[in-house]
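So this one's input_18.csv, CSV, C-alpha atoms:
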```csv
chain,number,residue,atom,x,y,z
A,1,MET,CA,13.6,71.6,6.0
A,2,ALA,CA,13.0,68.2,4.6
A,3,ALA,CA,9.5,66.8,4.8
A,4,ILE,CA,9.2,63.4,6.3
A,5,VAL,CA,7.2,61.1,4.0
A,6,GLN,CA,5.2,58.6,5.9
A,7,LYS,CA,4.3,55.4,4.0
A,8,PRO,CA,0.9,53.8,4.4
A,9,TRP,CA,0.8,51.1,7.0
A,10,TYR,CA,0.6,48.2,4.5
A,11,ARG,CA,4.0,49.4,3.0
A,12,GLU,CA,5.7,48.9,6.4
A,13,PRO,CA,7.3,45.5,7.2
A,14,TRP,CA,6.4,45.4,10.9
A,15,PRO,CA,2.6,45.0,10.7
A,16,TRP,CA,3.2,42.0,8.3
A,17,ILE,CA,5.8,40.5,10.5
A,18,LEU,CA,3.5,40.8,13.5
A,19,MET,CA,0.5,39.3,11.7
A,20,SER,CA,2.5,36.3,10.3
A,21,GLY,CA,2.5,34.5,13.6
A,22,PRO,CA,-1.3,34.5,14.2
A,23,ALA,CA,-1.9,33.8,10.5
A,24,ALA,CA,0.4,30.7,10.7
A,25,VAL,CA,-1.6,29.5,13.7
A,26,ILE,CA,-4.9,29.9,11.9
A,27,VAL,CA,-3.6,27.9,8.9
A,28,ALA,CA,-2.2,25.2,11.3
A,29,GLY,CA,-5.6,25.1,13.0
A,30,PHE,CA,-7.4,24.4,9.8
A,31,PHE,CA,-4.9,21.7,8.8
A,32,THR,CA,-5.4,20.1,12.2
A,33,LEU,CA,-9.2,20.2,11.8
A,34,ALA,CA,-9.0,18.6,8.4
A,35,LEU,CA,-6.7,15.9,9.7
A,36,ALA,CA,-9.1,15.2,12.6
A,37,PHE,CA,-12.0,14.8,10.2
A,38,ARG,CA,-10.2,12.5,7.8
A,39,THR,CA,-8.7,10.0,10.2
A,40,GLU,CA,-10.4,7.6,12.6
A,41,ASP,CA,-10.0,7.5,16.3
A,42,GLY,CA,-8.3,4.1,16.6
A,43,LEU,CA,-8.1,4.0,20.3
A,44,VAL,CA,-11.7,4.9,21.1
A,45,ALA,CA,-14.0,1.9,21.6
A,46,ASP,CA,-17.8,2.2,21.3
A,47,ASP,CA,-18.4,-0.6,23.6
A,48,TYR,CA,-15.7,0.0,26.2
A,49,TYR,CA,-18.0,-1.1,29.1
A,50,LYS,CA,-18.8,-4.5,27.4
A,51,GLN,CA,-15.1,-4.9,26.7
A,52,GLY,CA,-14.3,-4.4,30.4
A,53,LEU,CA,-16.9,-7.0,31.4
A,54,ALA,CA,-15.4,-9.5,28.9
A,55,ILE,CA,-11.9,-9.4,30.5
A,56,ASN,CA,-12.8,-12.3,32.8
A,57,GLN,CA,-13.6,-14.5,29.8
A,58,VAL,CA,-10.2,-13.5,28.2
A,59,LEU,CA,-8.4,-14.4,31.4
A,60,ARG,CA,-10.2,-17.8,31.5
A,61,ARG,CA,-9.1,-18.5,27.9
A,62,SER,CA,-5.5,-17.7,28.8
A,63,GLU,CA,-5.7,-19.9,32.0
A,64,ARG,CA,-7.1,-22.7,29.9
A,65,ALA,CA,-4.1,-22.5,27.5
A,66,ARG,CA,-1.8,-22.6,30.6
A,67,GLU,CA,-3.6,-25.7,31.9
A,68,LEU,CA,-3.1,-27.4,28.5
A,69,ASN,CA,0.6,-26.3,28.6
A,70,LEU,CA,0.4,-24.7,25.1
A,71,LYS,CA,3.2,-22.8,23.5
A,72,ALA,CA,3.6,-21.7,19.9
A,73,VAL,CA,6.1,-20.0,17.6
A,74,ALA,CA,4.9,-18.0,14.6
A,75,SER,CA,7.1,-17.4,11.5
A,76,PHE,CA,6.4,-14.9,8.8
A,77,SER,CA,7.7,-15.0,5.2
A,78,GLY,CA,6.2,-12.4,2.9
A,79,SER,CA,2.4,-13.0,3.1
A,80,ARG,CA,2.8,-16.6,4.4
A,81,VAL,CA,2.6,-17.4,8.1
A,82,ARG,CA,3.5,-20.7,9.8
A,83,VAL,CA,2.7,-21.6,13.4
A,84,VAL,CA,4.2,-24.5,15.2
A,85,LEU,CA,2.0,-25.3,18.2
A,86,ASP,CA,3.4,-27.4,21.1
A,87,GLY,CA,0.6,-29.2,22.8
A,88,ASP,CA,-2.8,-30.7,21.9
A,89,ALA,CA,-3.3,-29.8,18.2
A,90,PRO,CA,-6.7,-29.0,16.8
A,91,ALA,CA,-7.5,-29.2,13.0
A,92,ALA,CA,-7.3,-25.4,12.5
A,93,VAL,CA,-6.5,-22.3,14.5
A,94,ARG,CA,-7.3,-18.6,14.2
A,95,LEU,CA,-4.4,-16.1,14.2
A,96,ARG,CA,-5.0,-12.4,14.7
A,97,LEU,CA,-2.5,-9.7,14.0
A,98,VAL,CA,-3.6,-6.7,16.0
A,99,HIS,CA,-2.3,-3.2,15.2
A,100,PRO,CA,-1.4,-1.3,18.4
A,101,THR,CA,-3.5,1.8,17.5
A,102,ARG,CA,-5.5,1.2,14.3
A,103,ALA,CA,-8.2,-1.4,14.4
A,104,GLY,CA,-8.7,-1.0,10.6
A,105,ARG,CA,-5.2,-2.6,10.1
A,106,ASP,CA,-6.0,-5.7,12.2
A,107,GLN,CA,-5.9,-9.0,10.3
A,108,THR,CA,-7.3,-12.4,10.9
A,109,ALA,CA,-6.4,-15.7,9.3
A,110,ILE,CA,-7.6,-19.3,9.7
A,111,LEU,CA,-4.5,-21.5,9.7
A,112,LYS,CA,-5.0,-25.1,8.6
A,113,ALA,CA,-2.9,-28.0,9.9
A,114,SER,CA,-0.2,-29.1,7.4
A,115,ALA,CA,1.4,-31.6,9.8
A,116,GLN,CA,1.0,-32.5,13.5
A,117,GLY,CA,1.2,-29.2,15.3
A,118,VAL,CA,2.2,-27.2,12.2
A,119,TYR,CA,-0.3,-24.7,10.8
A,120,GLU,CA,0.0,-22.6,7.7
A,121,GLY,CA,-1.9,-19.8,6.0
A,122,ALA,CA,-1.7,-16.4,4.3
A,123,LEU,CA,-2.1,-12.8,5.4
A,124,ASP,CA,-2.0,-9.5,3.6
A,125,ALA,CA,1.3,-7.8,3.6
A,126,THR,CA,1.9,-5.7,6.7
A,127,ASP,CA,4.0,-2.6,7.1
A,128,ASP,CA,7.0,-2.5,9.4
A,129,GLY,CA,6.3,-2.2,13.1
A,130,ALA,CA,5.1,-4.3,16.0
A,131,ARG,CA,1.9,-6.3,16.1
A,132,ARG,CA,0.2,-8.1,18.9
A,133,LEU,CA,-0.5,-11.8,18.0
A,134,GLU,CA,-3.4,-13.7,19.3
A,135,LEU,CA,-3.7,-17.5,18.5
A,136,GLU,CA,-6.8,-19.4,19.5
A,137,ASP,CA,-8.7,-22.5,18.6
A,138,LEU,CA,-11.8,-22.0,16.5
A,139,GLY,CA,-14.1,-22.7,19.5
A,140,SER,CA,-12.3,-19.9,21.4
A,141,SER,CA,-11.7,-22.1,24.4
A,142,TRP,CA,-8.0,-21.1,24.8
A,143,ARG,CA,-5.8,-18.3,23.7
A,144,LEU,CA,-2.0,-17.6,23.3
A,145,THR,CA,-0.6,-14.1,22.8
A,146,GLY,CA,2.7,-12.6,21.8
A,147,THR,CA,4.4,-9.7,20.1
A,148,TRP,CA,5.7,-9.8,16.6
A,149,ILE,CA,8.2,-7.2,15.2
A,150,ALA,CA,8.5,-7.2,11.4
A,151,SER,CA,12.2,-7.1,11.4
A,152,GLN,CA,12.5,-10.2,13.6
A,153,GLY,CA,10.3,-12.4,11.3
A,154,ARG,CA,9.2,-14.8,14.1
A,155,ALA,CA,7.4,-14.5,17.5
A,156,ALA,CA,6.8,-16.7,20.5
A,157,LEU,CA,3.3,-17.0,21.8
A,158,THR,CA,2.5,-17.9,25.3
A,159,ALA,CA,-0.5,-17.8,27.7
A,160,THR,CA,-0.5,-14.4,29.4
A,161,GLN,CA,-0.8,-13.9,33.1
```
In structure tokens, how does this file's structure come out?
Amino acid sequence: MAAIVQKPWYREPWPWILMSGPAAVIVAGFFTLALAFRTEDGLVADDYYKQGLAINQVLRRSERARELNLKAVASFSGSRVRVVLDGDAPAAVRLRLVHPTRAGRDQTAILKASAQGVYEGALDATDDGARRLELEDLGSSWRLTGTWIASQGRAALTATQ
């Protein structure tokens, strides 16, 4: 009669196959933990209550732009930006490019008038994707908003409802 030779457990494939699933989950958990510590929480606001209270002021600024019948078109060429404002033209305006999820990627530029209703300035290069545009006078009495998509190169800004 032949003797059956039994291998030690660590020489069998099945324990290793069964342990590979939980081991992969543990590695993925550590990767997720490291990712959570290294990146910022872009959608979380520290002062969410104050931001909620300030919404009425933002609505008044948009209403003021509507009363003044302001409209604008922003054009982007590399790092240069040009805004043509239709309506009462101040000496300078502020343009904000707001990233949808990462506040650290927001940009602000003061655009100076180069002609009646035409404003020009420079911004850092942006990656592809959509940005919310906010155009306002330096006194923050009115505000126009719009959406800019990098592949389109230009965006219309209007007073929001």
Quiz item: Quick one: residues within 9 Å of A:Asp124, only C-alpha atoms counted, chain neighbours fewer than 2 positions away excluded, as JSON, numbers by chain?
Solution: {"A": [78, 79, 80, 107, 122, 126]}
Quiz prompt | Nearby residues (only C-alpha atoms) at most 6 Å from A:Ala113, same-chain spacing under 4 positions excluded, as a list of chain:residue names | solution = A:Ala91, A:Ala92, A:Val118, A:Tyr119
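Of the listed residues A:Glu120, A:Glu40, A:Glu63, A:Glu136, the one whose atoms come nearest to A:Phe76 is A:Glu120, with distances taken using all atoms listed in the file.
In this model, the gap between atom CA of A:Gln51 and atom CA of A:Leu133 comes to 18.3 Å.
Coordinates place atom CA of A:Ala109 at a distance of 8.4 Å from atom CA of A:Val93.
Note that atom CA of A:Leu95 and atom CA of A:Leu68 are 18.3 Å apart.
Distances here use all atoms listed in the file; by that measure, the residue among A:Ala2, A:Leu33, A:Ala24, A:Ile110 closest to A:Asp137 is A:Ile110.
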Practice problem: Pick out the residues sitting within 12 Å of A:Gly146, and hand them over as an MDAnalysis selection string; count all atoms listed in the file, and ignore anything fewer than 5 positions along from it in its own chain. | Solution: chainID A and resid 62 71:74 95:98 130:136 154:161
Exercise. Please work out which residues fall within 8 Å of (-7.9, 1.8, 9.8), coordinates as given in the file, with all atoms listed in the file counting, and return them as a ChimeraX atom specification.
Key: /A:40,42,102-105
